[in-house]
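Novice: Quick one: this structure, given as structure tokens, is what I'll be asking you about.
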Number of protein chains: 2
Amino acid sequence: MDIEEFRKRGHETIDRICKYYQELDSYDVLPKVEPGYLKKLLPQEAPEDPESFDAIQSDMESKIIPGVTHWQSPNFFAFYPASSSFPTILADMYSDMLNCIGFNVSSLSSPLLCCAIAFFTHLIMICRKWICSPACTELETIVLDWLAKLIGLHSDFLSEGKGGGVIQSSASEATLVTLLAARQRLLNKYKAQGLSEDELYELSTRLIAYGSEQTHSRLEKASMIANTRFRIIPTGRNFSIRGETVMLEIENDVMNGLIPFYIVTTVGTTSSAVNSISDIANAIEGTSVWLHVDAAHAGSALVCPEYRHYLDGINRSDSFDFNMHEWLLTNFDASCLWVRNRKYLNDALSVKPEFLRNPASESGLVLDYRDWEIPVGRRFRSLKIWFVLRSYGAKGLREHVRKAVKLAQRFFHGILRHPDLFAISAQPAFSLVCFHVKSNPDTPYSSNQLTSKVYDRANETRQIYLSRTVLHDQEVIRFAVGSPWTTEEHIDKALELLVKITRDVVRA
Amino acid sequence: MDIEEFRKRGHETIDRICKYYQELDSYDVLPKVEPGYLKKLLPQEAPEDPESFDAIQSDMESKIIPGVTHWQSPNFFAFYPASSSFPTILADMYSDMLNCIGFNVSSLSSPLLCCAIAFFTHLIMICRKWICSPACTELETIVLDWLAKLIGLHSDFLSEGKGGGVIQSSASEATLVTLLAARQRLLNKYKAQGLSEDELYELSTRLIAYGSEQTHSRLEKASMIANTRFRIIPTGRNFSIRGETVMLEIENDVMNGLIPFYIVTTVGTTSSAVNSISDIANAIEGTSVWLHVDAAHAGSALVCPEYRHYLDGINRSDSFDFNMHEWLLTNFDASCLWVRNRKYLNDALSVKPEFLRNPASESGLVLDYRDWEIPVGRRFRSLKIWFVLRSYGAKGLREHVRKAVKLAQRFFHGILRHPDLFAISAQPAFSLVCFHVKSNPDTPYSSNQLTSKVYDRANETRQIYLSRTVLHDQEVIRFAVGSPWTTEEHIDKALELLVKITRDVVRA
């Protein structure tokens with residue numbers, strides 16, 4: 001494909017994207033395909049000869065699109081409606097144009113030479129490393145500082161000091177790298193006390209991390225990878241964990257010879273619960289436990305001052321993460337992580353010898369993002385954050401968040417208008433409503449069974465997409481609002497559909 | 001930005017991309033900016049009000065592009081020329097249009113309900129999980145099967161059986177997840193023998209992994225994350241490791257109470273060395289060591305049958321990875337990993353309870369990629385692989401690889417024409433030439449010092465971009481070819497420049 005054919009195909013693709021968003025409302029949110037459908041439609045092997053782009057476009061329309069779950073649909077209320085936007089698409093086009101691999105590598109990997117390096121050449125070293133992808137590296141630092149200020153994060157997390165932000169792929173990855181940083185901080189301490197390598201390995205088997213039921217899977221996955229222990233703290237009636245419980249668990253574990261080192265607390269769980277950061281910070285006061293605040297979904301709401309109180313105590317946490325790709329008009333992946341002291345993250349993930357790291361990387365002039373994440377390379381992801389922040393402005397982002405919250409409230413009040421059918425399962429916050437179907441004298445089925453049936457039937461219509469969870473043994477339907485294309489009409493239609501299905505299920 | 005403004009801006013961006021590639025040759029490959037340049041040009045905070053796209057475009061041209069290292073430049077010979085192509089850009093546009101988050105989650109997370117599930121509902125479960133992103137999930141399985149066949153991987157690695165492929169972000173991530181799978185396989189075995197949790201933790205502190213000097217950083221990073229020990233196997237004269245050395249190291253470690261569990265061998269290191277897979281497989285025969293083959297860069301060459309012999313013994317390895325984003329016209333990120341038995345990878349990374357995993361996920365009908373990687377979500381990355389494989393066909397990809405190899409050979413012969421100035425540092429293979437500057441009676445500087453000076457001066461011209469490495473204490477310049485835009489003329493000019501600089505340096 002030469003430049004002129006690309007121009008033609010590029011223009012066609014832009015028009016295709018426009019058509020997609022024009023017709024989005026008419027698509028069923030869920031596709032009507034069976035598992036394994038695509039294998040039957042495609043050849044067993046890659047073609048030997050080049051195929052025309054006509055053929056690819058045609059297969060895209062006839063084979064891929066019919067098998068797509070439309071995450072951008074205004075009727076997508078499952079998980080989190082991963083809100084896209086046009087500026088994010090344009091930014092990715094620029095990113096793809098450049099296809100720069102945003103890593104920095106030391107050009108001076110030889111200890112032989114490096115030992116002779118004086119201060120002056122340290123500066124050359126920064127330049128050499130950073131020159132792989134200067135704009136890519138610097139823009140990431142800048143927009144994450146912008147974002148930190150925008151959501152009211154404490155100034156300790158800015159890159160000017162010892163902190164800084166980095167784009168990760170997902171909140172799971174953010175949990176993992178902060179858990180590694182926490183372990184490193186503790187091991188550094190013991191190492192400084194003169195413990196041998198073998199003693200450090202032995203000690204690391206006694207490390208234990210904590211999280212709530214609501215962050216179960218992320219913490220469990222990170223712990224499995226890092227090979228550390230973890231404990232799930234049971235939540236109270238409002239589905240959040242209490243400092244008091246944390247304190248008891250920690251004391252108990254310490255008595256049993258374990259070493260608490262990390263806790264993840266959540267602002268906005270899958271049921272919208274908010275753990276008090278201060279309460280948890282109090283509970284771990286005086287310990288060596290790293291406090292990570294996971295605001296994967298709800299973090300986006302912090303662009304609005306009315307939610308800012310959820311950050312009370314953030315100055316006492318060690319790290320904070322939220323997924324801009326969940327609710328802030330930015331395409332996956334854009335999980336934004338900040339740490340108060342980047343040294344521990346870098347110690348945990350850098351394979352460079354210590355003497356190569358000072359004072360260059362600690363000068364704050366240029367950050368070395370390969371030491372902030374698992375993969376070594378990175379796409380030019382900061383472009384999309386930059387485009388979105390500028391295209392919408394703080395005002396536009398606040399409007400977007402508030403619109404979703406208002407729509408969720410509309411749904412919430414709709415649910416309340418049917419006390420015979422539904423009950424609210426958890427106090428709604430942000431743009432998520434958790435509800436369940438009540439048991440009913442007309443049917444032998446339990447509330448759990450009814451909820452499950454309604455959930456299945458609703459998704460089977462393919463007109464709306466919901467997800468589910470279990471809160472203290474109660475089957476719950478999650479209704480999450482976030483797409484910029486969702487209007488009051490979509491909310492009302494979804495409610496109407498749910499009422500109809502529930503009446504049918506109860507009567508059956 | 002509404003649909004019509006996006007149409008306008010999208011068309012403009014397509015034209016901008018065309019212009020970029022039309023002018024690519026005229027850009028200096030390295031930018032003329034100082035570390036911290038961008039911070040001085042941008043505001044301290046995100047704007048309060050929306051900005052026009054004109055303003056963003058204008059800043060893109062005046063502030064970002066001047067700070068970009070042009071990885072697509074025909075004069076980029078550093079690291080690996082991450083070859084992009086127009087089909088990969090178009091595929092990413094479709095991916096961004098849909099912005100589907102390619103994870104599968106079980107809709108049935110409640111153990112309460114799940115215990116009562118019979119075989120029939122297992123099928124529903126697959127559908128429920130898979131329905132999040134059906135086309136995204138299925139296309140990934142299909143194109144990785146295509147690719148496996150295209151590069152001549154053993155049929156054990158296909159998804160039809162127990163194996164399968166997955167797209168990771170980078171070869172570092174592939175090293176990490178296979179190391180985790182290796183650990184899991186061993187722990188499963190000991191667990192089956194009745195070891196307690198505490199005993200398993202103790203045992204895991206004695207696990208040790210192996211790799212060559214050439215894979216040092218990936219193995220070290222993965223080991224740091226997983227908290228396992230590692231040992232670097234010294235390489236022989238041709239910079240590859242020998243089975244004999246591996247066997248001795250393993251025996252020695254076992255005698256010292258350690259438990260060898262993982263080895264990474266490399267097809268095409270940063271100096272093009274190729275370790276024999278069979279030789280290493282023989283060395284670990286009868287042990288529980290997992291054999292991972294890292295062909296990050298050279299793997300792309302396997303589309304050509306003449307390189308296929310490097311895969312001899314691949315049927316005895318446990319996993320294989322190569323970066324399609326390095327040399328196969330596909331944008332970052334597309335690190336393609338295959339495992340012989342996906343069970344161990346899934347055991348290491350799945351947080352689902354065991355009873356939820358059979359027989360659904362083992363049926364091979366639909367793979368659950370969240371259990372194959374660190375992040376939970378994923379972009380629709382398989383689209384770009386599909387577009388590239390179809391647009392070029394096997395023939396086109398072979399041509400692309402052979403062209404780069406031929407250009408590298410041209411450079412190699414150019415170096416040989418100057419035996420007074422240069423020496424070849426390692427036998428070139430694929431499209432990489434490693435050379436150094438010879439010491440010379442005209443100058444008091446050593447070969448290492450001269451090589452370093454030439455390297456610096458060459459990059460300082462900003463007209464070409466080279467990288468460097470150290471092979472057995474010898475400073476080495478790496479000259480890697482791979483951009484589809486590089487022609488014989490670029491190679492000749494680069495050589496001419498290097499000769500001129502070297503003469504100047506020697507004379508100085």
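Identifiers in this document derive from the order of the structure tokens: chains are assigned A, B, ..., residues are numbered from 1 separately in each chain, and ligands are numbered from 1 in order of occurrence.
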Within 6 Å of chain B, which residues of chain A show up? Give each one with its shortest atom-to-atom distance in Å (one decimal) and the two atoms involved, counting only C-alpha atoms, rows by chain then rising residue number, as CSV.
Specialist:
residue,atom,partner,partner_atom,distance
A:Ile3,CA,B:Cys18,CA,5.9
A:Gly10,CA,B:Ile14,CA,5.9
A:His11,CA,B:His11,CA,5.7
A:Ile14,CA,B:Gly10,CA,5.9
A:Ile17,CA,B:Met97,CA,6.0
A:Cys18,CA,B:Ile3,CA,5.9
A:Gly36,CA,B:Leu365,CA,5.9
A:Glu45,CA,B:Trp146,CA,4.9
A:Ala46,CA,B:Trp146,CA,5.4
A:Pro47,CA,B:Gly393,CA,5.2
A:Glu48,CA,B:Ala394,CA,4.6
A:Asp49,CA,B:Gly393,CA,4.5
A:Pro50,CA,B:Gly393,CA,4.1
A:Glu51,CA,B:Ser391,CA,5.2
A:Ile64,CA,B:Ala135,CA,5.9
A:Gly67,CA,B:Ala135,CA,4.9
A:Val68,CA,B:Ala135,CA,5.5
A:Thr69,CA,B:Ser133,CA,5.5
A:Trp71,CA,B:Cys100,CA,5.4
A:Ile89,CA,B:Asp96,CA,5.9
A:Asp96,CA,B:Ile89,CA,5.9
A:Met97,CA,B:Ile17,CA,6.0
A:Cys100,CA,B:Trp71,CA,5.3
A:Ser133,CA,B:Thr69,CA,5.5
A:Pro134,CA,B:Gly67,CA,5.9
A:Ala135,CA,B:Gly67,CA,4.9
A:Trp146,CA,B:Glu45,CA,4.9
A:Ser170,CA,B:Pro375,CA,5.5
A:Ser172,CA,B:Pro375,CA,5.6
A:Glu173,CA,B:Pro375,CA,5.5
A:Tyr201,CA,B:Thr205,CA,5.7
A:Thr205,CA,B:Tyr201,CA,5.7
A:Ile225,CA,B:Ala226,CA,5.7
A:Ala226,CA,B:Ala226,CA,4.6
A:Leu365,CA,B:Gly36,CA,5.9
A:Pro375,CA,B:Ser170,CA,5.5
A:Arg390,CA,B:Glu51,CA,5.5
A:Ser391,CA,B:Pro50,CA,5.0
A:Tyr392,CA,B:Pro50,CA,4.6
A:Gly393,CA,B:Pro50,CA,4.1
A:Ala394,CA,B:Glu48,CA,4.6
A:Lys395,CA,B:Glu48,CA,5.8
Novice: When DSSP is applied to the backbone of this structure, which of segment 69-275 of chain B are assigned strand (DSSP E)? Write them out as a list in words.
Specialist: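 Selection result, strand (DSSP E) within segment 69-275 of chain B: Gly164, Gly165, Val166, Ile167, Gln168, Leu207, Ile208, Ala209, Tyr210, Gly211, Ser212, Arg229, Phe230, Arg231, Ile232, Ile233, Ile259, Pro260, Phe261, Tyr262, Ile263, Val264, Thr265 and Thr266 of chain B.
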Novice: Just write the chosen residues, N, CA, C and O atoms, as an mmCIF file, in the first residue's frame.
Specialist:
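Once written, result11.cif looks like this:
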data_model
loop_
_atom_site.group_PDB
_atom_site.id
_atom_site.type_symbol
_atom_site.label_atom_id
_atom_site.label_comp_id
_atom_site.auth_asym_id
_atom_site.auth_seq_id
_atom_site.Cartn_x
_atom_site.Cartn_y
_atom_site.Cartn_z
ATOM 1 N N GLY B 164 -1.355 -22.521 22.371
ATOM 2 C CA GLY B 164 -2.038 -21.319 21.901
ATOM 3 C C GLY B 164 -1.152 -20.098 22.013
ATOM 4 O O GLY B 164 -0.134 -20.107 22.707
ATOM 5 N N GLY B 165 -1.567 -19.062 21.296
ATOM 6 C CA GLY B 165 -0.794 -17.829 21.271
ATOM 7 C C GLY B 165 -1.556 -16.669 21.873
ATOM 8 O O GLY B 165 -2.781 -16.705 21.987
ATOM 9 N N VAL B 166 -0.816 -15.652 22.261
ATOM 10 C CA VAL B 166 -1.406 -14.461 22.882
ATOM 11 C C VAL B 166 -0.501 -13.270 22.553
ATOM 12 O O VAL B 166 0.706 -13.430 22.414
ATOM 13 N N ILE B 167 -1.113 -12.098 22.398
ATOM 14 C CA ILE B 167 -0.315 -10.891 22.157
ATOM 15 C C ILE B 167 0.039 -10.240 23.490
ATOM 16 O O ILE B 167 -0.848 -9.914 24.276
ATOM 17 N N GLN B 168 1.333 -10.085 23.736
ATOM 18 C CA GLN B 168 1.794 -9.372 24.926
ATOM 19 C C GLN B 168 2.309 -7.999 24.495
ATOM 20 O O GLN B 168 2.461 -7.730 23.305
ATOM 21 N N LEU B 207 14.127 -21.355 44.116
ATOM 22 C CA LEU B 207 14.002 -21.487 42.659
ATOM 23 C C LEU B 207 15.039 -20.605 41.961
ATOM 24 O O LEU B 207 15.293 -19.483 42.387
ATOM 25 N N ILE B 208 15.584 -21.123 40.894
ATOM 26 C CA ILE B 208 16.575 -20.325 40.163
ATOM 27 C C ILE B 208 16.381 -20.453 38.642
ATOM 28 O O ILE B 208 16.120 -21.536 38.135
ATOM 29 N N ALA B 209 16.465 -19.307 37.977
ATOM 30 C CA ALA B 209 16.277 -19.227 36.527
ATOM 31 C C ALA B 209 17.603 -18.907 35.849
ATOM 32 O O ALA B 209 18.508 -18.364 36.485
ATOM 33 N N TYR B 210 17.681 -19.212 34.556
ATOM 34 C CA TYR B 210 18.929 -19.019 33.818
ATOM 35 C C TYR B 210 18.699 -18.276 32.501
ATOM 36 O O TYR B 210 17.646 -18.421 31.887
ATOM 37 N N GLY B 211 19.714 -17.533 32.104
ATOM 38 C CA GLY B 211 19.666 -16.872 30.801
ATOM 39 C C GLY B 211 21.071 -16.454 30.421
ATOM 40 O O GLY B 211 21.990 -16.519 31.237
ATOM 41 N N SER B 212 21.234 -16.034 29.180
ATOM 42 C CA SER B 212 22.567 -15.619 28.746
ATOM 43 C C SER B 212 22.793 -14.155 29.081
ATOM 44 O O SER B 212 21.866 -13.424 29.406
ATOM 45 N N ARG B 229 15.403 -16.332 42.126
ATOM 46 C CA ARG B 229 16.820 -16.115 41.833
ATOM 47 C C ARG B 229 17.088 -16.315 40.346
ATOM 48 O O ARG B 229 16.330 -16.992 39.663
ATOM 49 N N PHE B 230 18.187 -15.756 39.880
ATOM 50 C CA PHE B 230 18.555 -15.995 38.481
ATOM 51 C C PHE B 230 20.068 -16.033 38.365
ATOM 52 O O PHE B 230 20.782 -15.492 39.194
ATOM 53 N N ARG B 231 20.497 -16.693 37.314
ATOM 54 C CA ARG B 231 21.926 -16.783 37.072
ATOM 55 C C ARG B 231 22.182 -16.530 35.591
ATOM 56 O O ARG B 231 21.483 -17.048 34.731
ATOM 57 N N ILE B 232 23.183 -15.684 35.335
ATOM 58 C CA ILE B 232 23.544 -15.376 33.961
ATOM 59 C C ILE B 232 24.631 -16.349 33.507
ATOM 60 O O ILE B 232 25.673 -16.474 34.142
ATOM 61 N N ILE B 233 24.332 -17.029 32.422
ATOM 62 C CA ILE B 233 25.287 -17.998 31.883
ATOM 63 C C ILE B 233 26.255 -17.255 30.964
ATOM 64 O O ILE B 233 25.812 -16.584 30.028
ATOM 65 N N ILE B 259 16.812 -24.903 43.231
ATOM 66 C CA ILE B 259 15.921 -25.675 42.360
ATOM 67 C C ILE B 259 15.792 -24.967 41.005
ATOM 68 O O ILE B 259 15.032 -24.017 40.858
ATOM 69 N N PRO B 260 16.524 -25.417 39.993
ATOM 70 C CA PRO B 260 16.426 -24.823 38.650
ATOM 71 C C PRO B 260 15.019 -25.032 38.089
ATOM 72 O O PRO B 260 14.454 -26.125 38.194
ATOM 73 N N PHE B 261 14.443 -23.970 37.525
ATOM 74 C CA PHE B 261 13.058 -24.125 37.048
ATOM 75 C C PHE B 261 12.778 -23.443 35.706
ATOM 76 O O PHE B 261 11.731 -23.655 35.109
ATOM 77 N N TYR B 262 13.700 -22.619 35.203
ATOM 78 C CA TYR B 262 13.397 -21.838 33.999
ATOM 79 C C TYR B 262 14.686 -21.450 33.305
ATOM 80 O O TYR B 262 15.661 -21.080 33.957
ATOM 81 N N ILE B 263 14.675 -21.564 31.992
ATOM 82 C CA ILE B 263 15.815 -21.026 31.235
ATOM 83 C C ILE B 263 15.289 -20.312 29.994
ATOM 84 O O ILE B 263 14.327 -20.773 29.373
ATOM 85 N N VAL B 264 15.876 -19.156 29.708
ATOM 86 C CA VAL B 264 15.508 -18.460 28.476
ATOM 87 C C VAL B 264 16.695 -18.509 27.533
ATOM 88 O O VAL B 264 17.824 -18.183 27.903
ATOM 89 N N THR B 265 16.429 -19.002 26.342
ATOM 90 C CA THR B 265 17.470 -19.059 25.323
ATOM 91 C C THR B 265 17.052 -18.144 24.176
ATOM 92 O O THR B 265 15.875 -17.868 24.003
ATOM 93 N N THR B 266 18.023 -17.653 23.438
ATOM 94 C CA THR B 266 17.744 -16.574 22.514
ATOM 95 C C THR B 266 18.061 -16.928 21.076
ATOM 96 O O THR B 266 19.138 -17.435 20.792
#
Novice: If you run DSSP on this backbone, which residues of segment 44-244 of chain A come out as helix (DSSP H, G or I), and could you give them as an NGL selection string?
Specialist: :A and (53-67 or 86-98 or 111-114 or 119-130 or 134-150 or 155-157 or 171-192 or 197-204 or 213-226 or 243-244)
Novice: Please provide the set of residues having any atom within 10 Å of Val267 of chain B, restricted to only C-alpha atoms, with same-chain residues fewer than 6 positions apart removed, written as a ChimeraX atom specification.
Specialist: /B:240,273-277,293-299,310-311,320-322
Novice: Only N, CA, C and O atoms, please: the residues just picked out, written as a short mmCIF file (atom, residue, chain, number, x, y, z; two decimals), in the first residue's frame.
Specialist:
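Once written, result-v6.cif looks like this:
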data_model
loop_
_atom_site.label_atom_id
_atom_site.label_comp_id
_atom_site.auth_asym_id
_atom_site.auth_seq_id
_atom_site.Cartn_x
_atom_site.Cartn_y
_atom_site.Cartn_z
N SER B 240 27.04 -16.95 22.16
CA SER B 240 25.88 -17.78 22.49
C SER B 240 26.24 -18.69 23.67
O SER B 240 27.41 -18.90 23.97
N ALA B 273 23.54 -13.26 17.95
CA ALA B 273 23.91 -14.63 18.27
C ALA B 273 22.66 -15.49 18.34
O ALA B 273 21.59 -15.03 18.69
N VAL B 274 22.82 -16.75 17.97
CA VAL B 274 21.71 -17.68 18.04
C VAL B 274 22.11 -18.85 18.91
O VAL B 274 23.09 -19.53 18.62
N ASN B 275 21.40 -19.04 20.00
CA ASN B 275 21.67 -20.21 20.82
C ASN B 275 20.94 -21.39 20.19
O ASN B 275 19.80 -21.25 19.75
N SER B 276 21.56 -22.53 20.21
CA SER B 276 20.90 -23.71 19.66
C SER B 276 19.84 -24.21 20.63
O SER B 276 20.13 -24.51 21.78
N ILE B 277 18.61 -24.27 20.15
CA ILE B 277 17.52 -24.71 21.03
C ILE B 277 17.76 -26.16 21.45
O ILE B 277 17.62 -26.52 22.62
N VAL B 293 11.99 -19.80 24.56
CA VAL B 293 12.79 -19.33 23.44
C VAL B 293 12.40 -17.88 23.12
O VAL B 293 11.25 -17.60 22.79
N ASP B 294 13.35 -16.99 23.27
CA ASP B 294 13.13 -15.56 23.03
C ASP B 294 13.73 -15.21 21.67
O ASP B 294 14.95 -15.17 21.51
N ALA B 295 12.85 -14.96 20.71
CA ALA B 295 13.32 -14.58 19.38
C ALA B 295 12.79 -13.19 19.06
O ALA B 295 12.35 -12.91 17.94
N ALA B 296 12.83 -12.33 20.08
CA ALA B 296 12.18 -11.02 20.00
C ALA B 296 12.41 -10.35 18.65
O ALA B 296 11.46 -10.00 17.95
N HIS B 297 13.66 -10.18 18.27
CA HIS B 297 13.93 -9.50 17.02
C HIS B 297 13.93 -10.45 15.82
O HIS B 297 13.22 -10.24 14.84
N ALA B 298 14.70 -11.53 15.93
CA ALA B 298 14.94 -12.38 14.76
C ALA B 298 13.73 -13.23 14.39
O ALA B 298 13.66 -13.76 13.28
N GLY B 299 12.79 -13.35 15.29
CA GLY B 299 11.62 -14.18 15.03
C GLY B 299 10.92 -13.81 13.74
O GLY B 299 10.39 -14.67 13.02
N TYR B 310 16.80 -22.42 12.44
CA TYR B 310 17.05 -21.90 13.80
C TYR B 310 16.02 -22.43 14.80
O TYR B 310 16.21 -22.33 16.00
N LEU B 311 14.90 -22.93 14.25
CA LEU B 311 13.86 -23.45 15.14
C LEU B 311 14.05 -24.93 15.47
O LEU B 311 13.24 -25.50 16.20
N PHE B 320 7.57 -19.76 23.26
CA PHE B 320 8.31 -19.07 22.19
C PHE B 320 7.70 -17.69 22.03
O PHE B 320 6.48 -17.53 22.04
N ASP B 321 8.55 -16.68 21.86
CA ASP B 321 8.05 -15.31 21.73
C ASP B 321 8.83 -14.55 20.68
O ASP B 321 10.04 -14.68 20.58
N PHE B 322 8.11 -13.76 19.87
CA PHE B 322 8.83 -12.79 19.01
C PHE B 322 7.99 -11.53 18.88
O PHE B 322 6.77 -11.54 19.02
#
Novice: Need to verify the contact set: Leu416 of chain A, 12 Å, only C-alpha atoms, exclusion of same-chain residues closer than 6 positions in sequence. Can you return it as a list in words?
Specialist: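 With the cut-off at 12 Å, the set is Gln409, Arg410, Phe422, Ala423, Ile424, Ser425, Val433, Cys434, Phe435, His436, Val437, Leu495 and Val499 of chain A.
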